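A.B. asks: Contents of structure-v1.cif (mmCIF, C-alpha atoms):
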```
data_coords
loop_
_atom_site.label_atom_id
_atom_site.label_comp_id
_atom_site.auth_asym_id
_atom_site.auth_seq_id
_atom_site.Cartn_x
_atom_site.Cartn_y
_atom_site.Cartn_z
CA MET S 1 3.30 52.64 -29.38
CA VAL S 2 3.96 52.55 -25.65
CA ASP S 3 0.36 53.49 -24.81
CA SER S 4 -1.03 50.84 -27.15
CA SER S 5 1.23 48.13 -25.68
CA LEU S 6 0.21 49.11 -22.15
CA SER S 7 -3.47 49.02 -23.03
CA ALA S 8 -2.98 45.62 -24.65
CA GLU S 9 -1.32 44.32 -21.48
CA LYS S 10 -4.18 45.68 -19.38
CA ARG S 11 -6.75 43.99 -21.61
CA ALA S 12 -4.82 40.73 -21.41
CA ALA S 13 -4.62 40.97 -17.62
CA ARG S 14 -8.34 41.79 -17.41
CA THR S 15 -9.11 38.79 -19.61
CA ARG S 16 -7.02 36.50 -17.39
CA TRP S 17 -8.82 37.71 -14.26
CA MET S 18 -12.20 37.20 -15.92
CA LEU S 19 -11.24 33.64 -16.86
CA LEU S 20 -10.00 32.99 -13.34
CA ALA S 21 -13.05 34.56 -11.67
CA PRO S 22 -15.28 31.41 -11.65
CA ALA S 23 -12.53 29.31 -10.05
CA LEU S 24 -11.73 32.04 -7.51
CA ILE S 25 -15.40 32.39 -6.58
CA ILE S 26 -15.71 28.63 -6.09
CA LEU S 27 -12.59 28.59 -3.90
CA LEU S 28 -13.87 31.54 -1.89
CA PHE S 29 -17.31 30.13 -1.12
CA ALA S 30 -16.62 26.37 -1.20
CA ALA S 31 -13.26 26.31 0.61
CA SER S 32 -12.43 29.58 2.34
CA GLY S 33 -16.03 30.29 3.36
CA PRO S 34 -16.62 27.13 5.44
CA LEU S 35 -13.13 27.43 6.92
CA LEU S 36 -13.82 31.01 8.00
CA ILE S 37 -17.13 29.97 9.55
CA THR S 38 -15.36 27.20 11.49
CA VAL S 39 -12.77 29.66 12.80
CA ILE S 40 -15.50 32.09 13.90
CA TYR S 41 -17.54 29.34 15.61
CA SER S 42 -14.49 28.21 17.58
CA PHE S 43 -14.44 31.60 19.35
CA LEU S 44 -18.15 31.68 20.23
CA THR S 45 -20.20 30.29 23.12
CA ALA S 46 -21.97 26.96 22.86
CA GLY S 47 -25.76 27.09 22.71
CA ASP S 48 -27.88 25.24 25.25
CA TYR S 49 -29.42 22.95 22.62
CA GLY S 50 -26.74 23.01 19.95
CA GLY S 51 -25.63 25.78 17.67
CA VAL S 52 -23.80 28.82 18.99
CA GLU S 53 -24.50 32.02 20.86
CA TRP S 54 -22.86 35.13 19.44
CA GLN S 55 -20.75 35.86 22.49
CA PHE S 56 -16.97 35.83 22.21
CA SER S 57 -15.31 33.05 24.21
CA THR S 58 -12.06 31.10 24.22
CA GLU S 59 -13.56 28.28 26.29
CA ALA S 60 -13.63 25.92 23.30
CA TRP S 61 -9.91 26.30 22.64
CA PHE S 62 -9.23 25.88 26.35
CA ASN S 63 -11.22 22.62 26.38
CA VAL S 64 -9.27 21.11 23.49
CA PHE S 65 -6.40 20.04 25.77
CA ALA S 66 -7.56 21.09 29.25
CA GLN S 67 -10.62 20.75 31.45
CA ARG S 68 -12.02 22.23 34.62
CA ASP S 69 -13.30 20.01 37.44
CA ILE S 70 -17.04 20.63 37.81
CA PHE S 71 -16.94 20.16 41.58
CA GLU S 72 -13.64 21.66 42.73
CA GLY S 73 -13.01 24.03 39.81
CA THR S 74 -9.39 22.87 39.49
CA LEU S 75 -7.66 22.76 36.11
CA GLY S 76 -6.21 19.63 34.54
CA TRP S 77 -5.36 18.02 31.27
CA SER S 78 -8.19 16.65 29.16
CA ASP S 79 -7.09 13.03 29.27
CA ALA S 80 -9.87 11.86 26.96
CA HIS S 81 -8.99 14.33 24.21
CA LEU S 82 -5.26 13.76 24.58
CA SER S 83 -5.70 9.99 24.35
CA ILE S 84 -7.83 10.37 21.22
CA PHE S 85 -5.28 12.70 19.61
CA TRP S 86 -2.48 10.30 20.50
CA ARG S 87 -4.45 7.32 19.16
CA SER S 88 -5.16 9.18 15.92
CA VAL S 89 -1.53 10.12 15.35
CA LYS S 90 -0.31 6.64 16.37
CA LEU S 91 -2.74 4.74 14.14
CA SER S 92 -2.08 7.12 11.24
CA LEU S 93 1.68 6.60 11.54
CA ILE S 94 1.28 2.81 11.77
CA THR S 95 -1.04 2.88 8.76
CA THR S 96 1.50 4.94 6.81
CA LEU S 97 4.35 2.57 7.70
CA ALA S 98 2.24 -0.48 6.83
CA CYS S 99 1.26 1.04 3.47
CA LEU S 100 4.94 1.83 2.88
CA PHE S 101 5.92 -1.75 3.76
CA PHE S 102 3.44 -3.24 1.30
CA GLY S 103 3.38 -0.40 -1.22
CA VAL S 104 7.08 -0.19 -2.13
CA PRO S 105 7.42 -3.90 -3.09
CA THR S 106 4.12 -3.71 -4.97
CA ALA S 107 5.26 -0.66 -6.93
CA TYR S 108 8.63 -2.31 -7.64
CA PHE S 109 6.90 -5.47 -8.85
CA ILE S 110 4.66 -3.51 -11.23
CA ALA S 111 7.54 -1.34 -12.49
CA THR S 112 9.60 -4.44 -13.37
CA ARG S 113 6.81 -6.11 -15.37
CA PRO S 114 6.77 -5.92 -19.18
CA LYS S 115 5.30 -2.67 -20.41
CA LYS S 116 2.13 -4.32 -21.74
CA GLN S 117 1.36 -5.85 -18.31
CA ARG S 118 1.84 -2.67 -16.24
CA ASP S 119 -1.48 -1.13 -17.24
CA LEU S 120 -3.32 -4.27 -16.14
CA TRP S 121 -1.59 -4.32 -12.76
CA MET S 122 -2.27 -0.61 -12.24
CA LEU S 123 -5.92 -1.20 -13.11
CA LEU S 124 -6.10 -3.83 -10.37
CA ILE S 125 -4.63 -1.31 -7.90
CA ILE S 126 -7.11 1.41 -8.88
CA ILE S 127 -10.24 -0.80 -9.03
CA PRO S 128 -11.04 -0.40 -5.28
CA PHE S 129 -11.50 3.35 -5.87
CA TRP S 130 -14.46 2.47 -8.08
CA THR S 131 -16.34 1.28 -5.00
CA ASN S 132 -17.75 3.45 -2.23
CA LEU S 133 -15.56 3.78 0.87
CA LEU S 134 -18.33 2.53 3.15
CA ILE S 135 -18.81 -0.62 1.05
CA ARG S 136 -15.08 -1.36 1.11
CA THR S 137 -15.03 -0.90 4.88
CA PHE S 138 -17.94 -3.30 5.37
CA ALA S 139 -16.14 -5.80 3.12
CA ILE S 140 -13.18 -5.84 5.52
CA LEU S 141 -15.61 -6.05 8.45
CA GLU S 142 -17.14 -9.18 6.92
CA LEU S 143 -13.70 -10.79 6.74
CA ILE S 144 -12.61 -10.24 10.35
CA ARG S 145 -15.80 -10.31 12.43
CA ASN S 146 -16.32 -13.23 14.81
CA GLU S 147 -18.58 -15.03 12.30
CA GLY S 148 -16.59 -13.75 9.34
CA THR S 149 -14.60 -15.53 6.66
CA ILE S 150 -11.26 -15.71 8.50
CA ASN S 151 -12.65 -17.06 11.78
CA THR S 152 -14.93 -19.48 9.94
CA ILE S 153 -12.00 -20.98 8.01
CA LEU S 154 -9.80 -21.21 11.12
CA LEU S 155 -12.56 -22.88 13.10
CA TRP S 156 -13.35 -25.28 10.26
CA THR S 157 -9.68 -26.31 9.91
CA GLY S 158 -9.33 -26.74 13.68
CA VAL S 159 -6.61 -24.12 14.05
CA ILE S 160 -8.60 -22.33 16.78
CA ASP S 161 -11.33 -23.44 19.18
CA ALA S 162 -13.04 -20.07 19.55
CA PRO S 163 -13.30 -17.02 17.28
CA ILE S 164 -10.45 -14.51 17.48
CA GLN S 165 -11.65 -11.05 18.50
CA MET S 166 -10.24 -8.87 15.74
CA LEU S 167 -13.14 -6.48 15.20
CA TYR S 168 -13.58 -3.31 17.30
CA THR S 169 -9.87 -3.09 18.07
CA GLU S 170 -7.04 -0.84 16.99
CA PHE S 171 -5.84 -3.69 14.76
CA SER S 172 -9.12 -3.70 12.84
CA ILE S 173 -8.92 0.09 12.32
CA ILE S 174 -5.35 -0.19 11.02
CA LEU S 175 -6.31 -3.08 8.74
CA GLY S 176 -9.25 -1.13 7.35
CA MET S 177 -7.24 2.03 6.74
CA VAL S 178 -4.35 0.13 5.13
CA TYR S 179 -6.80 -1.52 2.74
CA VAL S 180 -8.46 1.81 1.93
CA TYR S 181 -5.32 3.96 1.54
CA LEU S 182 -2.76 1.50 0.16
CA PRO S 183 -3.36 2.59 -3.48
CA LEU S 184 -2.50 6.16 -2.45
CA MET S 185 0.97 4.87 -1.53
CA VAL S 186 1.45 2.61 -4.53
CA LEU S 187 0.62 5.22 -7.18
CA PRO S 188 3.27 7.89 -6.37
CA VAL S 189 5.92 5.28 -5.55
CA TYR S 190 5.23 3.53 -8.85
CA ALA S 191 5.54 6.88 -10.66
CA SER S 192 9.07 7.20 -9.22
CA MET S 193 9.88 3.54 -9.85
CA GLU S 194 8.87 3.81 -13.49
CA ARG S 195 11.51 6.51 -14.05
CA LEU S 196 14.16 4.50 -12.21
CA ASP S 197 17.28 3.58 -14.18
CA PHE S 198 17.47 -0.16 -13.48
CA SER S 199 21.01 -0.30 -14.86
CA LEU S 200 22.05 1.30 -11.54
CA ILE S 201 20.63 -1.71 -9.72
CA GLU S 202 22.57 -4.07 -11.96
CA ALA S 203 25.70 -2.01 -11.31
CA GLY S 204 25.14 -2.43 -7.58
CA TYR S 205 24.96 -6.20 -7.94
CA ASP S 206 28.07 -6.14 -10.14
CA LEU S 207 29.87 -4.41 -7.27
CA TYR S 208 28.89 -7.31 -4.98
CA ALA S 209 26.29 -5.36 -3.02
CA THR S 210 23.66 -7.44 -1.24
CA ARG S 211 19.97 -7.09 -2.05
CA PHE S 212 19.45 -5.12 1.16
CA LYS S 213 22.29 -2.71 0.34
CA VAL S 214 20.97 -2.18 -3.18
CA LEU S 215 17.56 -1.44 -1.71
CA ARG S 216 18.94 0.93 0.93
CA ARG S 217 21.68 2.66 -1.07
CA VAL S 218 20.27 2.69 -4.61
CA ILE S 219 16.52 2.14 -4.87
CA LEU S 220 15.17 4.00 -1.83
CA PRO S 221 17.19 7.23 -2.36
CA LEU S 222 16.07 7.41 -6.00
CA VAL S 223 12.38 6.85 -5.24
CA LYS S 224 12.39 8.97 -2.08
CA PRO S 225 10.18 11.74 -3.59
CA GLY S 226 7.49 9.17 -4.37
CA ILE S 227 7.78 7.69 -0.87
CA ILE S 228 7.41 11.13 0.73
CA ALA S 229 4.42 12.00 -1.46
CA GLY S 230 2.76 8.63 -0.78
CA SER S 231 3.35 8.96 2.96
CA ILE S 232 1.65 12.35 3.01
CA LEU S 233 -1.25 11.08 0.88
CA VAL S 234 -1.79 8.25 3.37
CA PHE S 235 -1.07 10.05 6.65
CA VAL S 236 -3.30 13.10 6.07
CA PRO S 237 -6.59 11.26 5.30
CA SER S 238 -5.81 8.62 7.94
CA LEU S 239 -5.49 11.33 10.58
CA GLY S 240 -8.93 12.71 9.79
CA ALA S 241 -10.59 9.37 9.03
CA TYR S 242 -14.17 8.99 10.23
CA VAL S 243 -15.92 6.09 8.45
CA THR S 244 -13.30 3.39 9.01
CA PRO S 245 -12.75 4.05 12.76
CA ARG S 246 -16.53 4.34 13.24
CA VAL S 247 -17.31 1.02 11.56
CA MET S 248 -14.22 -1.00 12.48
CA GLY S 249 -13.82 0.50 15.95
CA GLY S 250 -17.49 0.23 16.87
CA GLY S 251 -17.39 3.53 18.79
CA ASN S 252 -14.87 2.11 21.28
CA GLN S 253 -11.73 3.36 19.51
CA LEU S 254 -12.48 7.00 18.71
CA MET S 255 -10.23 9.07 16.47
CA ILE S 256 -10.21 12.83 15.92
CA GLY S 257 -12.82 12.70 13.16
CA ASN S 258 -15.21 10.75 15.41
CA LEU S 259 -14.61 13.17 18.29
CA ILE S 260 -15.42 16.16 16.07
CA GLU S 261 -18.63 14.52 14.83
CA LEU S 262 -19.56 13.71 18.43
CA GLN S 263 -19.26 17.37 19.45
CA PHE S 264 -21.43 18.58 16.57
CA GLY S 265 -23.94 15.77 17.19
CA GLN S 266 -24.61 14.30 20.62
CA GLY S 267 -22.33 16.70 22.48
CA ARG S 268 -24.07 19.77 21.01
CA ASN S 269 -20.89 21.77 21.54
CA TRP S 270 -20.28 23.36 18.17
CA PRO S 271 -17.47 25.71 19.30
CA LEU S 272 -15.50 22.78 20.73
CA GLY S 273 -16.09 20.80 17.53
CA ALA S 274 -14.86 23.78 15.50
CA ALA S 275 -11.78 24.19 17.72
CA LEU S 276 -10.99 20.48 17.37
CA SER S 277 -11.37 20.81 13.60
CA MET S 278 -8.91 23.70 13.49
CA THR S 279 -6.49 21.74 15.68
CA LEU S 280 -6.68 18.84 13.22
CA LEU S 281 -6.07 21.30 10.39
CA ALA S 282 -2.99 22.61 12.20
CA ILE S 283 -1.58 19.08 12.55
CA VAL S 284 -2.18 18.46 8.85
CA MET S 285 -0.47 21.75 7.97
CA VAL S 286 2.59 20.75 10.01
CA ALA S 287 2.72 17.43 8.12
CA LEU S 288 2.49 19.25 4.79
CA ILE S 289 5.23 21.71 5.77
CA VAL S 290 7.49 18.79 6.67
CA TYR S 291 6.72 17.24 3.26
CA VAL S 292 7.41 20.45 1.35
CA ARG S 293 10.73 20.98 3.12
CA ALA S 294 11.76 17.36 2.60
CA ALA S 295 10.82 17.51 -1.08
CA GLY S 296 12.64 20.84 -1.47
CA ASN S 297 15.80 19.47 0.13
CA GLU S 298 15.60 16.42 -2.15
CA GLU S 299 15.34 18.59 -5.26
CA THR S 300 18.22 20.78 -4.07
CA ARG S 301 20.38 17.73 -3.45
CA HIS S 302 19.74 16.34 -6.92
CA GLY S 303 19.51 19.69 -8.71
#
```
Would you mind writing the file's structure down as structure tokens?
C.D. replies:
Amino acid sequence: MVDSSLSAEKRAARTRWMLLAPALIILLFAASGPLLITVIYSFLTAGDYGGVEWQFSTEAWFNVFAQRDIFEGTLGWSDAHLSIFWRSVKLSLITTLACLFFGVPTAYFIATRPKKQRDLWMLLIIIPFWTNLLIRTFAILELIRNEGTINTILLWTGVIDAPIQMLYTEFSIILGMVYVYLPLMVLPVYASMERLDFSLIEAGYDLYATRFKVLRRVILPLVKPGIIAGSILVFVPSLGAYVTPRVMGGGNQLMIGNLIELQFGQGRNWPLGAALSMTLLAIVMVALIVYVRAAGNEETRHG
């Protein structure tokens, strides 16, 4: 009996591994494979005309945050890279806060509608995902360019005498990313709002709490998991954004994604591009660790 039960367990385990094998192979070659290649390239020497030479070097990692003067040979900080990293983190944080500012009221509004209307409102939130990212970005560009809709209306109404320069600025990048990533904030916050016991809000008003206190002491703590999840879903893709900064920034406001593409393209420095990619991955991993710990503490507090 014992031998038969053990053999049955082995067959079951073998069957599970066989069923998992296709997914594991896809993960190995489609995810882990390219990542491993990127890590290897970051420790090689840049080729003269692109590509890499198979000689071990840490020069790429050194050049991520530092640089050597070509005339004097002195070491210094890579101001260009540091400014791009700072701009990327800053714009991603502002985008996340802006999505939070608009996303929480939107999710609350949808959650308080009659049940039959919620699906319609959620459909309107999801519709932009049906359109290509590049098309959505060009739609925003058409609104804010000098000859765009906004400036045309302001000029026609006499509010301004000359077009307002909104395009190719940090503001335009933030606007574009907020438009693109706002649904990623609304969806998880709405999922938390939908499970919210609104009788607690009424109890807060019965205890003479102001609207702000009810928001701060009742609503936000209860929907905090959704806010954390939405913030991560917005911050991570914003940090590595390429299309929106490229189109809305016009090449004048580079972010990390644009810098990486530049190294693999015009710069022909593949090891540096790989090292920058791994640095971006490390920043994303730190953000995810912060999210996991915050979510874990929240579950422990309410467990």
A.B. asks: Mind running segment 152-261 of chain S against segment 56-67 of chain S at 12 Å and telling me each contacting residue's nearest atom pair with the distance in Å (one decimal), counting only C-alpha atoms, chain and number ascending, as CSV?
C.D. replies:
```
residue,atom,partner,partner_atom,distance
S:Ile256,CA,S:Val64,CA,11.3
S:Leu259,CA,S:Val64,CA,10.9
S:Ile260,CA,S:Val64,CA,10.8
```
A.B. asks: Emit as AutoDock Vina command-line options the padded axis-aligned box for all listed atoms of segment 138-147 of chain S, 6 Å per side, with centre and edge lengths in Å to one decimal.
C.D. replies:
```
--center_x -15.6 --center_y -9.2 --center_z 9.0 --size_x 18.0 --size_y 23.7 --size_z 23.7
```
A.B. asks: What lies within 12 Å of Leu154 of chain S using only C-alpha atoms, ignoring chain neighbours under 5 positions off, as a list of chain:residue names?
C.D. replies: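 Listing them by chain and then by number gives S:Leu143, S:Ile144, S:Asn146, S:Glu147, S:Gly148, S:Thr149, S:Val159, S:Ile160, S:Asp161, S:Ala162, S:Pro163, S:Ile164.
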A.B. asks: Here is a test: counting only C-alpha atoms, which residue of S:Leu35, S:Val223, S:Val247, S:Val286 is nearest to Ile140 of chain S?
C.D. replies: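 Looking at the shortest contact to Ile140 of chain S, the residue is S:Val247.
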A.B. asks: Could you tell me how far atom CA of Tyr41 of chain S sits from atom CA of Met285 of chain S, in Å to one decimal place?
C.D. replies: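 Separating atom CA of Met285 of chain S from atom CA of Tyr41 of chain S is a distance of 20.2 Å.
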A.B. asks: For Phe102 of chain S, list every protein, DNA or RNA residue within 10 Å, evaluated using all atoms listed in the file, and leave out those in the same chain fewer than 6 positions away; present the list as a ChimeraX atom specification.
C.D. replies: /S:178,182,185-186
A.B. asks: Skip Asn132 of chain S itself and residues of its chain fewer than 5 positions away, then list as a PyMOL selection string all residues within 12 Å of it, counting all atoms listed in the file.
C.D. replies: chain S and resi 127+137-139+180+243
A.B. asks: In Å to one decimal, how far is atom CA of Leu184 of chain S from atom CA of Arg113 of chain S?
C.D. replies: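 Between atom CA of Arg113 of chain S and atom CA of Leu184 of chain S the gap works out to 20.1 Å.
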A.B. asks: Suppose you want the space between atom CA of Phe264 of chain S and atom CA of Asp48 of chain S; what is it in Å?
C.D. replies: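 Those two atoms sit 12.7 Å apart.
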A.B. asks: Rank S:Ser231, S:Gln165, S:Thr152, S:Thr210 by their smallest atom-to-atom distance to Leu100 of chain S, using all atoms listed in the file, and report the top residue only.
C.D. replies: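 Smallest distance to Leu100 of chain S is found for S:Ser231.
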A.B. asks: Might you spell out which residues the PyMOL selection byres ((chain S and resi 246) around 12) would select in the displayed file, as an NGL selection string?
C.D. replies: :S and (134 or 137-138 or 141 or 167-170 or 172-173 or 176-177 or 240-245 or 247-259 or 261-262)
